[in-house]
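In what follows, a single structure is set out as structure tokens and then discussed.
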Amino acid sequence: MNNKFITVAPKTITDNFIKTIGHDSFLLTAGNISKFNTMTVGWAGMGYLWQKPVAFVFVRPQRFTYKFMEESEFFTISFFDEKYKKALAYCGTHSGKDVDKCSETGLIPFEVNSHSIAFEQSRLIFECKKMYYDDVKPQNFIDKNIDKLYPQCDYHRMYIGEIVQCFVEK
């Protein structure tokens with residue numbers, strides 16, 4: 001673990017996640033230090049489910065990160081200060097199949113544990129252990145306007161992960 005961070009209880013985090021997720025974005029990362037991918041995410045949530053603190057994230061099947069999410073037991077969610085907005089934008093518009101996102105953005109990955117990757121520039125990191133997944137099903141849309149967000153019918157897979165560790169900058 002990187003000594004820039006300290007471990008805290010998830011319940012002590014005071015971020016407004018509607019703002020942080022909906023307007024600031026963050027990186028979702030899966031894999032290990034030898035092979036991982038990260039992507040910018042804007043659709044997610046945090047809460048309490050099944051008597052555990054959880055995060056849920058959504059990944060479209062054509063995204064390179066999808067394969068890593070499928071193969072990994074853990075994933076991380078990394079939040080950054082505003083000055084990293086360009087780096088996050090790059091990670092959301094370029095595929096890890098085609099470019100080395102860390103080289104291109106200057107983001108420095110580190111091993112949280114032998115099974116999780118985060119970034120030194122993060123201000124807040126959640127390490128999550130996958131608990132559940134399901135595919136978004138258009139037949140379940142009560143608000144039919146949601147389907148307009150899927151003109152190619154490439155519905156997301158939702159992953160729910162228990163927040164097993166939470167790290168903040170010292």
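How things are named: the first chain in the structure tokens is A, the next is B, and so on; residues count from 1 in each chain; ligands count from 1 in the order shown.
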
List every residue of range 9-161 of chain A that DSSP, applied to the backbone of this structure, assigns to strand (DSSP E or B), and report them as a PyMOL selection string.
-> chain A and resi 26-32+35-41+44-49+52-59+74-79+109-113+116-119+124-135+157-161

Write out, as a Markdown table, each residue of range 93-142 of chain A that has an atom at most 12 Å from range 62-74 of chain A, together with the closest pair of atoms and their distance in Å to one decimal, counting only C-alpha atoms, rows going by chain and rising number.
| residue | atom | partner | partner_atom | distance |
| --- | --- | --- | --- | --- |
| A:Thr93 | CA | A:Arg63 | CA | 10.7 |
| A:His94 | CA | A:Phe64 | CA | 9.9 |
| A:Ser95 | CA | A:Phe64 | CA | 6.5 |
| A:Gly96 | CA | A:Phe64 | CA | 6.4 |
| A:Lys97 | CA | A:Phe64 | CA | 6.5 |
| A:Asp98 | CA | A:Phe64 | CA | 9.7 |
| A:Val99 | CA | A:Phe64 | CA | 11.3 |
| A:Val112 | CA | A:Phe74 | CA | 10.6 |
| A:Asn113 | CA | A:Phe74 | CA | 9.8 |
| A:Ser114 | CA | A:Phe74 | CA | 10.1 |
| A:His115 | CA | A:Phe74 | CA | 6.5 |
| A:Ser116 | CA | A:Phe74 | CA | 6.3 |
| A:Ile117 | CA | A:Phe74 | CA | 9.3 |
| A:Ala118 | CA | A:Phe74 | CA | 11.5 |
| A:Phe126 | CA | A:Phe74 | CA | 10.4 |
| A:Glu127 | CA | A:Phe74 | CA | 7.1 |
| A:Cys128 | CA | A:Phe74 | CA | 5.5 |
| A:Lys129 | CA | A:Phe74 | CA | 4.4 |
| A:Lys130 | CA | A:Glu73 | CA | 5.7 |
| A:Met131 | CA | A:Glu73 | CA | 8.7 |
| A:Tyr132 | CA | A:Glu73 | CA | 10.7 |
| A:Tyr133 | CA | A:Glu70 | CA | 9.6 |
| A:Asp134 | CA | A:Glu70 | CA | 11.7 |

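Using only C-alpha atoms, the nearest neighbour of Lys85 in chain A within the list A:Glu120, A:Asp135, A:Asp143, A:Asp24 is A:Asp24.
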
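When only C-alpha atoms are used to compute distances to Phe110 in chain A, the closest of the residues A:Phe80, A:Phe17, A:Tyr90, A:Phe36 turns out to be A:Phe36.
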
Test item: residues at most 7 Å from Met46 in chain A, only C-alpha atoms, excluding those fewer than 3 positions along its chain, as an MDAnalysis selection string | chainID A and resid 54:56

Counting only C-alpha atoms, the residue of A:Asn140, A:Asp147, A:Arg123, A:Arg157 that sits nearest Lys4 in chain A | A:Arg123

Would you mind listing what lies within 6 Å of Ile6 in chain A as a list in words, with only C-alpha atoms counted and same-chain residues fewer than 4 positions away left out?
-> Phe167, Val168 and Lys170 of chain A

What does the file look like for those residues with C-alpha atoms, as an mmCIF file, in the first residue's frame?
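Everything below was put into part.cif:
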data_model
loop_
_atom_site.group_PDB
_atom_site.id
_atom_site.type_symbol
_atom_site.label_atom_id
_atom_site.label_comp_id
_atom_site.auth_asym_id
_atom_site.auth_seq_id
_atom_site.Cartn_x
_atom_site.Cartn_y
_atom_site.Cartn_z
ATOM 1 C CA PHE A 167 -8.231 5.388 1.752
ATOM 2 C CA VAL A 168 -7.772 9.148 1.946
ATOM 3 C CA LYS A 170 -2.748 11.909 4.740
#

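Minimum atom-to-atom distance to His23 in chain A, evaluated using only C-alpha atoms, belongs to A:Glu82 out of A:Gln165, A:Glu82, A:Phe5, A:Tyr48.
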
Near Lys52 in chain A, counting only C-alpha atoms, which residues have an atom at most 10 Å away, once you skip same-chain residues fewer than 6 positions from it, shown as a PyMOL selection string?
-> chain A and resi 161-164

Next, dump the selected residues to file, keeping only C-alpha atoms, as a PDB file, in the first residue's frame.
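After the write, again-v7.pdb holds the following:
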ATOM      1  CA  GLY A 161     -19.097  -4.248  -4.617  1.00  0.00           C
ATOM      2  CA  GLU A 162     -18.670  -4.255  -0.877  1.00  0.00           C
ATOM      3  CA  ILE A 163     -16.389  -1.411   0.127  1.00  0.00           C
ATOM      4  CA  VAL A 164     -13.712  -3.406   1.945  1.00  0.00           C
TER       5      VAL A 164
END

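Distances to Asn37 in chain A were evaluated for A:Thr76, A:Asn3, A:Gln152, A:Asn16 using only C-alpha atoms, and the minimum falls at A:Thr76.
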
Just how far from CA of Gln139 in chain A is CA of Pro61 in chain A, in Å to one decimal?
-> 18.4 Å

Residue nearest Asn32 in chain A - candidates A:Lys101, A:Cys91, A:Ile108, A:Phe75, atoms counted: only C-alpha atoms | A:Phe75

Mind checking DSSP for range 91-161 of chain A and telling me the alpha helix (DSSP H) residues as a PyMOL selection string?
-> chain A and resi 91-93+101-105

Go ahead and dump the residues you just picked, C-alpha atoms, as a PDB file, in the first residue's frame.
ATOM      1  CA  CYS A  91      -9.273   8.003 -19.669  1.00  0.00           C
ATOM      2  CA  GLY A  92     -12.939   8.240 -20.616  1.00  0.00           C
ATOM      3  CA  THR A  93     -12.395   8.895 -24.311  1.00  0.00           C
ATOM      4  CA  LYS A 101      -3.484   5.693 -20.347  1.00  0.00           C
ATOM      5  CA  CYS A 102      -0.942   6.078 -17.543  1.00  0.00           C
ATOM      6  CA  SER A 103       1.842   7.111 -19.912  1.00  0.00           C
ATOM      7  CA  GLU A 104      -0.440   9.537 -21.714  1.00  0.00           C
ATOM      8  CA  THR A 105      -1.882  11.169 -18.571  1.00  0.00           C
TER       9      THR A 105
END
